[in-house]
>>> print(open('query-v5.cif').read())   # mmCIF, C-alpha atoms
data_model
#
loop_
_atom_site.label_atom_id
_atom_site.label_comp_id
_atom_site.auth_asym_id
_atom_site.auth_seq_id
_atom_site.Cartn_x
_atom_site.Cartn_y
_atom_site.Cartn_z
CA MET A 282 -282.32 76.89 -20.40
CA THR A 283 -282.01 76.53 -16.63
CA GLU A 284 -279.02 77.97 -14.85
CA ALA A 285 -276.46 75.47 -13.62
CA LYS A 286 -276.58 74.80 -9.90
CA PRO A 287 -273.57 75.32 -7.67
CA ILE A 288 -271.25 72.36 -7.53
CA ARG A 289 -272.40 69.53 -5.33
CA PRO A 290 -270.79 69.44 -1.88
CA LEU A 291 -267.45 67.81 -1.33
CA TYR A 292 -267.28 64.53 0.48
CA GLU A 293 -264.94 64.48 3.41
CA PHE A 294 -262.86 61.32 3.15
CA PRO A 295 -263.73 59.43 6.32
CA SER A 296 -260.51 58.03 7.69
CA SER A 297 -256.81 58.37 7.87
CA ASP A 298 -254.47 55.80 9.32
CA SER A 299 -251.77 58.06 10.65
CA PHE A 300 -252.99 61.40 11.97
CA ASP A 301 -255.80 63.35 13.53
CA ARG A 302 -257.99 65.10 10.94
CA ASP A 303 -258.41 68.21 13.08
CA ASP A 304 -254.62 68.54 13.19
CA VAL A 305 -254.52 68.36 9.40
CA LYS A 306 -256.92 71.27 9.03
CA VAL A 307 -254.90 73.37 11.50
CA VAL A 308 -251.70 72.58 9.58
CA ILE A 309 -253.29 73.45 6.23
CA LYS A 310 -254.55 76.76 7.58
CA GLY A 311 -251.19 77.47 9.24
CA VAL A 312 -248.30 79.79 8.44
CA HIS A 313 -245.04 77.96 7.81
CA VAL A 314 -241.47 79.21 8.06
CA VAL A 315 -239.34 76.87 5.95
CA PRO A 316 -235.66 76.80 5.04
CA ARG A 317 -235.36 77.76 1.37
CA SER A 318 -231.64 77.57 0.76
CA ARG A 319 -228.50 77.53 2.89
CA THR A 320 -228.89 81.22 3.63
CA THR A 321 -232.56 82.09 3.12
CA TRP A 322 -235.88 81.31 4.77
CA ALA A 323 -239.37 81.49 3.31
CA VAL A 324 -242.66 82.31 4.98
CA LYS A 325 -245.44 80.32 3.33
CA LYS A 326 -249.16 80.26 3.71
CA GLY A 327 -250.63 77.65 1.44
CA GLY A 328 -253.84 77.16 -0.46
CA GLU A 329 -255.92 79.65 -2.35
CA HIS A 330 -254.55 82.63 -0.44
CA ALA A 331 -250.96 81.56 -0.83
CA ILE A 332 -248.17 83.90 0.13
CA THR A 333 -244.48 83.34 -0.03
CA LYS A 334 -241.95 85.84 1.21
CA ILE A 335 -238.20 85.30 1.38
CA PHE A 336 -235.93 86.43 4.24
CA ARG A 337 -232.20 86.38 4.78
CA SER A 338 -232.52 85.44 8.44
CA ARG A 339 -234.73 83.01 10.26
CA ASP A 340 -235.52 85.53 12.99
CA ALA A 341 -236.83 88.05 10.45
CA ALA A 342 -238.91 85.32 8.81
CA ILE A 343 -240.38 84.32 12.17
CA GLU A 344 -241.20 87.94 13.05
CA TYR A 345 -243.11 88.37 9.79
CA ALA A 346 -244.79 84.96 10.13
CA LYS A 347 -245.97 85.90 13.63
CA GLU A 348 -247.71 88.96 12.21
CA VAL A 349 -249.39 86.89 9.49
CA SER A 350 -250.48 84.13 11.87
CA SER A 351 -251.80 86.68 14.33
CA SER A 352 -253.83 88.52 11.69
CA THR A 353 -255.20 85.30 10.19
CA LYS A 354 -255.66 83.57 13.58
CA SER A 355 -253.66 80.60 12.39
CA THR A 356 -250.91 78.48 13.89
CA LEU A 357 -247.27 79.23 13.14
CA TYR A 358 -244.95 76.34 12.26
CA VAL A 359 -241.19 76.79 12.07
CA HIS A 360 -239.50 74.05 10.05
CA LEU A 361 -235.92 73.52 11.15
CA LYS A 362 -233.17 72.40 8.81
CA SER A 363 -233.03 69.13 10.75
CA GLY A 364 -236.59 68.34 9.58
CA LYS A 365 -238.11 68.96 13.02
CA VAL A 366 -240.98 71.40 13.32
CA ARG A 367 -241.57 73.84 16.14
CA GLN A 368 -245.10 75.07 16.68
CA TYR A 369 -246.17 78.45 18.05
CA ASN A 370 -249.74 78.80 19.19
CA ASP A 371 -249.75 82.50 20.00
CA MET B 331 -269.97 60.61 8.48
CA ALA B 332 -272.49 58.82 6.31
CA GLU B 333 -271.22 56.23 3.87
CA PRO B 334 -270.69 57.67 0.38
CA ARG B 335 -273.52 56.93 -2.00
CA TYR B 336 -273.20 54.51 -4.89
CA GLU B 337 -273.76 57.28 -7.44
CA ASP B 338 -270.90 59.36 -5.98
CA CYS B 339 -268.24 56.63 -5.83
CA VAL B 340 -265.56 56.35 -8.49
CA PHE B 341 -263.57 53.13 -8.58
CA VAL B 342 -259.95 53.99 -9.36
CA ASN B 343 -258.11 51.29 -11.30
CA ILE B 344 -254.66 52.75 -11.89
CA PRO B 345 -251.36 50.86 -11.56
CA PHE B 346 -249.70 51.07 -8.15
CA ALA B 347 -246.23 51.07 -9.71
CA PRO B 348 -244.12 54.01 -8.46
CA GLU B 349 -243.97 55.59 -11.92
CA TYR B 350 -247.78 55.84 -11.89
CA LYS B 351 -248.02 57.56 -8.51
CA PRO B 352 -248.23 61.09 -10.02
CA ILE B 353 -251.13 59.90 -12.22
CA LEU B 354 -252.90 58.19 -9.31
CA ASP B 355 -252.44 61.20 -7.01
CA SER B 356 -253.69 63.68 -9.59
CA VAL B 357 -256.73 61.54 -10.42
CA VAL B 358 -257.67 61.20 -6.74
CA PHE B 359 -257.37 64.99 -6.37
CA THR B 360 -259.53 65.59 -9.45
CA ILE B 361 -262.24 63.17 -8.31
CA HIS B 362 -262.43 64.95 -4.94
CA ASP B 363 -262.45 68.39 -6.57
CA CYS B 364 -265.35 67.39 -8.82
CA GLY B 365 -267.39 66.39 -5.76
CA PHE B 366 -267.11 62.63 -6.21
CA PHE B 367 -265.59 60.04 -3.91
CA PRO B 368 -262.56 57.95 -4.95
CA ARG B 369 -262.50 54.26 -4.06
CA CYS B 370 -259.39 52.18 -4.52
CA ALA B 371 -258.14 48.75 -3.52
CA LEU B 372 -255.37 50.53 -1.60
CA GLU B 373 -258.03 51.72 0.89
CA GLN B 374 -257.73 48.33 2.50
CA PHE B 375 -254.28 47.17 1.47
CA ASP B 376 -251.14 49.20 1.27
CA SER B 377 -249.13 46.70 -0.69
CA GLY B 378 -249.68 44.15 -3.40
CA ASP B 379 -251.64 41.83 -1.10
CA ILE B 380 -254.97 42.65 -2.71
CA ARG B 381 -257.80 40.14 -2.69
CA ILE B 382 -260.06 39.96 -5.71
CA GLU B 383 -263.15 39.69 -3.46
CA LYS B 384 -262.38 43.13 -2.03
CA ILE B 385 -261.96 44.58 -5.51
CA ILE B 386 -265.31 43.10 -6.52
CA ASP B 387 -266.91 44.72 -3.43
CA LEU B 388 -265.42 48.12 -4.32
CA ILE B 389 -266.64 47.79 -7.91
CA LYS B 390 -270.08 46.87 -6.61
CA ASP B 391 -270.10 50.02 -4.44
CA SER B 392 -269.08 52.35 -7.31
CA LYS B 393 -271.24 53.68 -10.10
CA PHE B 394 -268.23 55.06 -11.96
CA GLY B 395 -264.89 53.54 -12.86
CA ILE B 396 -261.63 54.98 -14.15
CA HIS B 397 -259.37 52.36 -15.67
CA ASP B 398 -255.83 53.10 -16.80
CA ILE B 399 -254.72 50.30 -19.11
CA SER B 400 -251.49 51.96 -20.19
CA TYR B 401 -249.21 49.79 -18.06
CA THR B 402 -248.37 47.15 -20.61
CA MET B 403 -244.73 46.63 -19.85
CA LEU B 404 -243.29 43.25 -18.99
CA ASP B 405 -242.60 42.57 -15.34
CA PRO B 406 -238.79 42.86 -15.04
CA SER B 407 -238.49 39.85 -12.75
CA SER B 408 -240.70 37.42 -14.66
CA ASN B 409 -240.59 38.97 -18.15
CA LEU B 410 -244.35 38.46 -18.31
CA PRO B 411 -247.04 41.13 -18.77
CA ARG B 412 -249.21 42.21 -15.83
CA PHE B 413 -252.95 41.90 -16.40
CA ASN B 414 -254.50 43.39 -13.25
CA MET B 415 -255.81 46.58 -14.86
CA PRO B 416 -257.55 44.90 -17.81
CA LEU B 417 -258.90 42.24 -15.43
CA GLU B 418 -260.53 44.85 -13.19
CA LEU B 419 -261.84 46.70 -16.23
CA GLY B 420 -263.37 43.44 -17.41
CA ILE B 421 -265.06 42.85 -14.04
CA PHE B 422 -266.45 46.40 -14.15
CA MET B 423 -267.74 45.95 -17.70
CA GLY B 424 -269.27 42.61 -16.76
CA ALA B 425 -271.06 44.14 -13.76
CA ALA B 426 -272.46 46.88 -16.00
CA GLU B 427 -273.61 44.37 -18.58
CA TYR B 428 -274.87 41.47 -16.50
CA GLY B 429 -275.54 43.06 -13.11
CA THR B 430 -278.98 43.94 -11.86
CA GLY B 431 -280.58 47.15 -10.56
CA VAL B 432 -278.18 50.06 -10.07
CA GLN B 433 -275.26 47.96 -11.32
CA ARG B 434 -276.55 48.49 -14.83
CA GLN B 435 -276.11 52.25 -14.42
CA LYS B 436 -272.35 51.82 -14.27
CA GLU B 437 -270.22 54.06 -16.47
CA TYR B 438 -266.49 53.92 -17.01
CA LEU B 439 -263.62 55.78 -18.55
CA VAL B 440 -260.62 54.00 -20.03
CA LEU B 441 -257.31 55.83 -20.02
CA ASP B 442 -254.27 55.04 -22.09
CA LYS B 443 -251.03 56.87 -22.80
CA GLU B 444 -251.77 57.50 -26.46
CA ARG B 445 -254.91 57.62 -28.50
CA TYR B 446 -255.66 54.37 -30.36
CA ARG B 447 -252.64 52.61 -28.83
CA TYR B 448 -255.05 50.19 -27.07
CA GLN B 449 -256.04 48.84 -30.49
CA VAL B 450 -252.69 47.07 -30.63
CA PHE B 451 -253.07 45.12 -27.38
CA CYS B 452 -256.75 45.33 -26.36
CA SER B 453 -258.69 45.90 -29.57
CA ASP B 454 -261.95 44.40 -28.26
CA ILE B 455 -262.67 47.54 -26.21
CA SER B 456 -262.93 49.71 -29.33
CA GLY B 457 -266.01 51.89 -29.20
CA GLN B 458 -265.76 52.51 -25.45
CA ASP B 459 -265.03 55.85 -23.80
CA ILE B 460 -261.24 55.86 -24.16
CA ARG B 461 -259.09 58.93 -23.57
CA GLU B 462 -255.36 59.56 -23.62
CA HIS B 463 -253.42 61.07 -20.73
CA GLY B 464 -250.01 61.14 -22.35
CA GLY B 465 -248.49 59.62 -19.22
CA THR B 466 -248.80 62.95 -17.40
CA PRO B 467 -250.83 64.15 -14.39
CA GLU B 468 -251.98 67.09 -16.49
CA GLY B 469 -253.39 64.79 -19.15
CA ALA B 470 -255.06 62.63 -16.51
CA ILE B 471 -256.65 65.66 -14.82
CA ARG B 472 -258.03 66.90 -18.13
CA ALA B 473 -259.46 63.51 -19.12
CA VAL B 474 -261.00 62.77 -15.72
CA ARG B 475 -262.43 66.25 -15.13
CA ASN B 476 -263.96 66.44 -18.61
CA TRP B 477 -265.49 62.99 -18.24
CA LEU B 478 -266.83 63.49 -14.70
CA SER B 479 -268.29 66.91 -15.49
CA ARG B 480 -270.55 65.31 -18.09
CA LYS B 481 -271.96 62.95 -15.49
CA ARG B 482 -273.73 65.76 -13.68
CA PRO B 483 -274.34 68.49 -16.26
CA GLU B 484 -276.68 70.30 -13.89
CA TYR B 485 -273.69 71.33 -11.74
CA ARG B 486 -270.88 73.78 -12.39
CA TYR B 487 -267.31 72.49 -12.48
CA PRO B 488 -263.97 74.24 -12.45
CA THR B 489 -262.06 74.04 -15.70
CA TRP B 490 -259.42 71.33 -15.94
CA GLN B 491 -256.77 74.03 -15.99
CA LYS B 492 -258.03 75.37 -12.69
CA ILE B 493 -258.00 71.90 -11.14
CA ARG B 494 -254.48 71.37 -12.52
CA ASP B 495 -253.25 74.63 -10.98
CA ARG B 496 -254.80 73.76 -7.64
CA TYR B 497 -253.35 70.25 -7.77
CA LEU B 498 -249.86 71.60 -8.47
CA LYS B 499 -250.22 73.99 -5.56
CA PHE B 500 -251.40 71.20 -3.29
CA ALA B 501 -248.64 68.82 -4.42
CA THR B 502 -246.02 71.50 -3.77
CA GLU B 503 -247.36 72.16 -0.29
CA LEU B 504 -247.89 68.53 0.71
CA PRO B 505 -244.31 67.85 1.94
CA MET B 506 -244.57 70.91 4.19
CA TYR B 507 -247.84 69.65 5.68
CA ALA B 508 -246.43 66.15 6.13
CA GLN B 509 -243.45 67.53 7.99
CA ALA B 510 -245.69 69.60 10.28
CA LEU B 511 -247.71 66.44 10.98
CA GLU B 512 -244.44 64.64 11.77
CA GLN B 513 -245.12 62.18 8.98
CA ASP B 514 -242.94 60.85 6.20
CA ILE B 515 -244.68 61.50 2.91
CA GLU B 516 -243.24 58.26 1.55
CA ASP B 517 -245.19 56.35 4.21
CA PHE B 518 -248.58 57.87 3.35
CA THR B 519 -251.27 55.29 2.73
CA PHE B 520 -254.03 55.84 0.19
CA ASN B 521 -256.35 56.86 3.04
CA ASP B 522 -253.79 59.33 4.40
CA TYR B 523 -253.39 60.94 1.01
CA SER B 524 -257.07 60.99 0.14
CA SER B 525 -258.05 62.45 3.53
CA ILE B 526 -255.45 65.24 3.24
CA VAL B 527 -256.70 66.05 -0.27
CA SER B 528 -260.25 66.14 1.06
CA ASP B 529 -259.28 68.42 3.97
CA TRP B 530 -257.19 70.72 1.76
CA LEU B 531 -260.12 71.13 -0.61
CA LEU B 532 -262.50 71.83 2.25
CA VAL B 533 -260.18 74.53 3.58
CA ASN B 534 -259.42 75.91 0.11
CA SER B 535 -262.74 75.42 -1.61
CA TRP B 536 -263.26 77.26 -4.91
CA ARG B 537 -266.93 76.67 -4.21
CA LYS B 538 -267.06 79.45 -1.62
CA LYS B 539 -266.49 82.08 -4.28
CA GLU B 540 -268.99 80.71 -6.75
CA ASP B 541 -271.85 79.47 -4.56
#
>>> encode(input="query-v5.cif", output="structure tokens")
Amino acid sequence: MTEAKPIRPLYEFPSSDSFDRDDVKVVIKGVHVVPRSRTTWAVKKGGEHAITKIFRSRDAAIEYAKEVSSSTKSTLYVHLKSGKVRQYND
Amino acid sequence: MAEPRYEDCVFVNIPFAPEYKPILDSVVFTIHDCGFFPRCALEQFDSGDIRIEKIIDLIKDSKFGIHDISYTMLDPSSNLPRFNMPLELGIFMGAAEYGTGVQRQKEYLVLDKERYRYQVFCSDISGQDIREHGGTPEGAIRAVRNWLSRKRPEYRYPTWQKIRDRYLKFATELPMYAQALEQDIEDFTFNDYSSIVSDWLLVNSWRKKED
């Protein structure tokens, strides 16, 4: 019996109507600080290497998220309670 | 990017009603994760303004078809049943039966909420590949993954449970990504959703560990 081959490659879906595909990949690889409740904030990195850590202050969450984004060379996104998102590139 | 090949395309015939969106989303994710390419009438139309010629073209371009015939409720405004899903299944079956060349290689999966329920309202399709999804994304993922994995037995596939777990993770993270992209998730088109799924899977590929 022959050994099964690795899975065939994924197809990249060719088009999106609303956003730049490179931006999507940066966002998916990014570290996100999101409001979790009225008084807590979460630092999230999605996907297979997901992490979630909860903080009582936004500043503490951002400090931790900066360390993670720096070590993983990813972009930091801070989601405000208003729904706006602030982006840090360094 | 090159056009997807006929033998990789899966025509997705699932109701566009809001209550079916979790099923549609999970099936699109599963098709991508199994290395196939989902095709859907919503690629070209976001609303109900769908032309049958376009559907026929999509069916012609797709070797595989997934047809959910579980939406048998009466339309609340007209009190009449909606026949779009069985119609598109019929076109697909006809292409497989009467088409020429690669069209005759067509294969399809029929999904319903419960096993054997179709015999009450669509008994003529008895004997076809019909699976139940129980009206849940989990059931749809299991049925679609298990069916697609048999189409290319020479390749390895993740288990349906693994695809389910990854889908749940993706679905939980999607609002966060949408917000960072300054998009309203409710406004996502089929192409928006499918492209984000594709990109998420490329970034988070289980293949890297196994290849």
>>> interface_residues(input="query-v5.cif", of="chain A", to="chain B", cutoff="8 Å", atoms="only C-alpha atoms", output="number ranges by chain")
A: 285-300, 302, 304-306, 308-310, 313, 327-329, 358, 360, 364-366
>>> residues_around(input="query-v5.cif", residues="Ser351 in chain A", least_positions_apart="3", cutoff="12 Å", atoms="only C-alpha atoms", output="mmCIF file with C-alpha atoms, in the frame of the given file")
data_model
loop_
_atom_site.group_PDB
_atom_site.id
_atom_site.type_symbol
_atom_site.label_atom_id
_atom_site.label_comp_id
_atom_site.auth_asym_id
_atom_site.auth_seq_id
_atom_site.Cartn_x
_atom_site.Cartn_y
_atom_site.Cartn_z
ATOM 1 C CA GLY A 311 -251.190 77.470 9.240
ATOM 2 C CA VAL A 312 -248.300 79.790 8.440
ATOM 3 C CA ILE A 343 -240.380 84.320 12.170
ATOM 4 C CA GLU A 344 -241.200 87.940 13.050
ATOM 5 C CA TYR A 345 -243.110 88.370 9.790
ATOM 6 C CA ALA A 346 -244.790 84.960 10.130
ATOM 7 C CA LYS A 347 -245.970 85.900 13.630
ATOM 8 C CA GLU A 348 -247.710 88.960 12.210
ATOM 9 C CA LYS A 354 -255.660 83.570 13.580
ATOM 10 C CA SER A 355 -253.660 80.600 12.390
ATOM 11 C CA THR A 356 -250.910 78.480 13.890
ATOM 12 C CA LEU A 357 -247.270 79.230 13.140
ATOM 13 C CA TYR A 369 -246.170 78.450 18.050
ATOM 14 C CA ASN A 370 -249.740 78.800 19.190
ATOM 15 C CA ASP A 371 -249.750 82.500 20.000
#
>>> resolve_selection(input="query-v5.cif", expression="the PyMOL selection byres ((chain B and resi 438) around 10)", output="PDB file with C-alpha atoms, keeping the file's coordinate frame")
ATOM      1  CA  VAL B 340    -265.560  56.350  -8.490  1.00  0.00           C
ATOM      2  CA  PHE B 341    -263.570  53.130  -8.580  1.00  0.00           C
ATOM      3  CA  LYS B 393    -271.240  53.680 -10.100  1.00  0.00           C
ATOM      4  CA  PHE B 394    -268.230  55.060 -11.960  1.00  0.00           C
ATOM      5  CA  GLY B 395    -264.890  53.540 -12.860  1.00  0.00           C
ATOM      6  CA  ILE B 396    -261.630  54.980 -14.150  1.00  0.00           C
ATOM      7  CA  HIS B 397    -259.370  52.360 -15.670  1.00  0.00           C
ATOM      8  CA  LEU B 419    -261.840  46.700 -16.230  1.00  0.00           C
ATOM      9  CA  PHE B 422    -266.450  46.400 -14.150  1.00  0.00           C
ATOM     10  CA  MET B 423    -267.740  45.950 -17.700  1.00  0.00           C
ATOM     11  CA  ALA B 426    -272.460  46.880 -16.000  1.00  0.00           C
ATOM     12  CA  LYS B 436    -272.350  51.820 -14.270  1.00  0.00           C
ATOM     13  CA  GLU B 437    -270.220  54.060 -16.470  1.00  0.00           C
ATOM     14  CA  LEU B 439    -263.620  55.780 -18.550  1.00  0.00           C
ATOM     15  CA  VAL B 440    -260.620  54.000 -20.030  1.00  0.00           C
ATOM     16  CA  LEU B 441    -257.310  55.830 -20.020  1.00  0.00           C
ATOM     17  CA  GLN B 458    -265.760  52.510 -25.450  1.00  0.00           C
ATOM     18  CA  ASP B 459    -265.030  55.850 -23.800  1.00  0.00           C
ATOM     19  CA  ILE B 460    -261.240  55.860 -24.160  1.00  0.00           C
ATOM     20  CA  TRP B 477    -265.490  62.990 -18.240  1.00  0.00           C
ATOM     21  CA  LEU B 478    -266.830  63.490 -14.700  1.00  0.00           C
TER      22      LEU B 478
END
>>> residues_around(input="query-v5.cif", residues="range 407-416 of chain B", least_positions_apart="4", cutoff="8 Å", atoms="all atoms listed in the file", output="PyMOL selection string")
chain B and resi 343-345+397-399+401-403+420
>>> write_last_selection(input="query-v5.cif", atoms="C-alpha atoms", output="mmCIF file, in the coordinates of the input")
data_model
loop_
_atom_site.group_PDB
_atom_site.id
_atom_site.type_symbol
_atom_site.label_atom_id
_atom_site.label_comp_id
_atom_site.auth_asym_id
_atom_site.auth_seq_id
_atom_site.Cartn_x
_atom_site.Cartn_y
_atom_site.Cartn_z
ATOM 1 C CA ASN B 343 -258.110 51.290 -11.300
ATOM 2 C CA ILE B 344 -254.660 52.750 -11.890
ATOM 3 C CA PRO B 345 -251.360 50.860 -11.560
ATOM 4 C CA HIS B 397 -259.370 52.360 -15.670
ATOM 5 C CA ASP B 398 -255.830 53.100 -16.800
ATOM 6 C CA ILE B 399 -254.720 50.300 -19.110
ATOM 7 C CA TYR B 401 -249.210 49.790 -18.060
ATOM 8 C CA THR B 402 -248.370 47.150 -20.610
ATOM 9 C CA MET B 403 -244.730 46.630 -19.850
ATOM 10 C CA GLY B 420 -263.370 43.440 -17.410
#
>>> resolve_selection(input="query-v5.cif", expression="the PyMOL selection byres ((chain A and resi 336-340) around 6)", output="MDAnalysis selection string")
chainID A and resid 321:322 335 341:343
>>> atom_distance(input="query-v5.cif", atom1="CA of Asp301 in chain A", atom2="CA of Asp514 in chain B")
15.0 Å
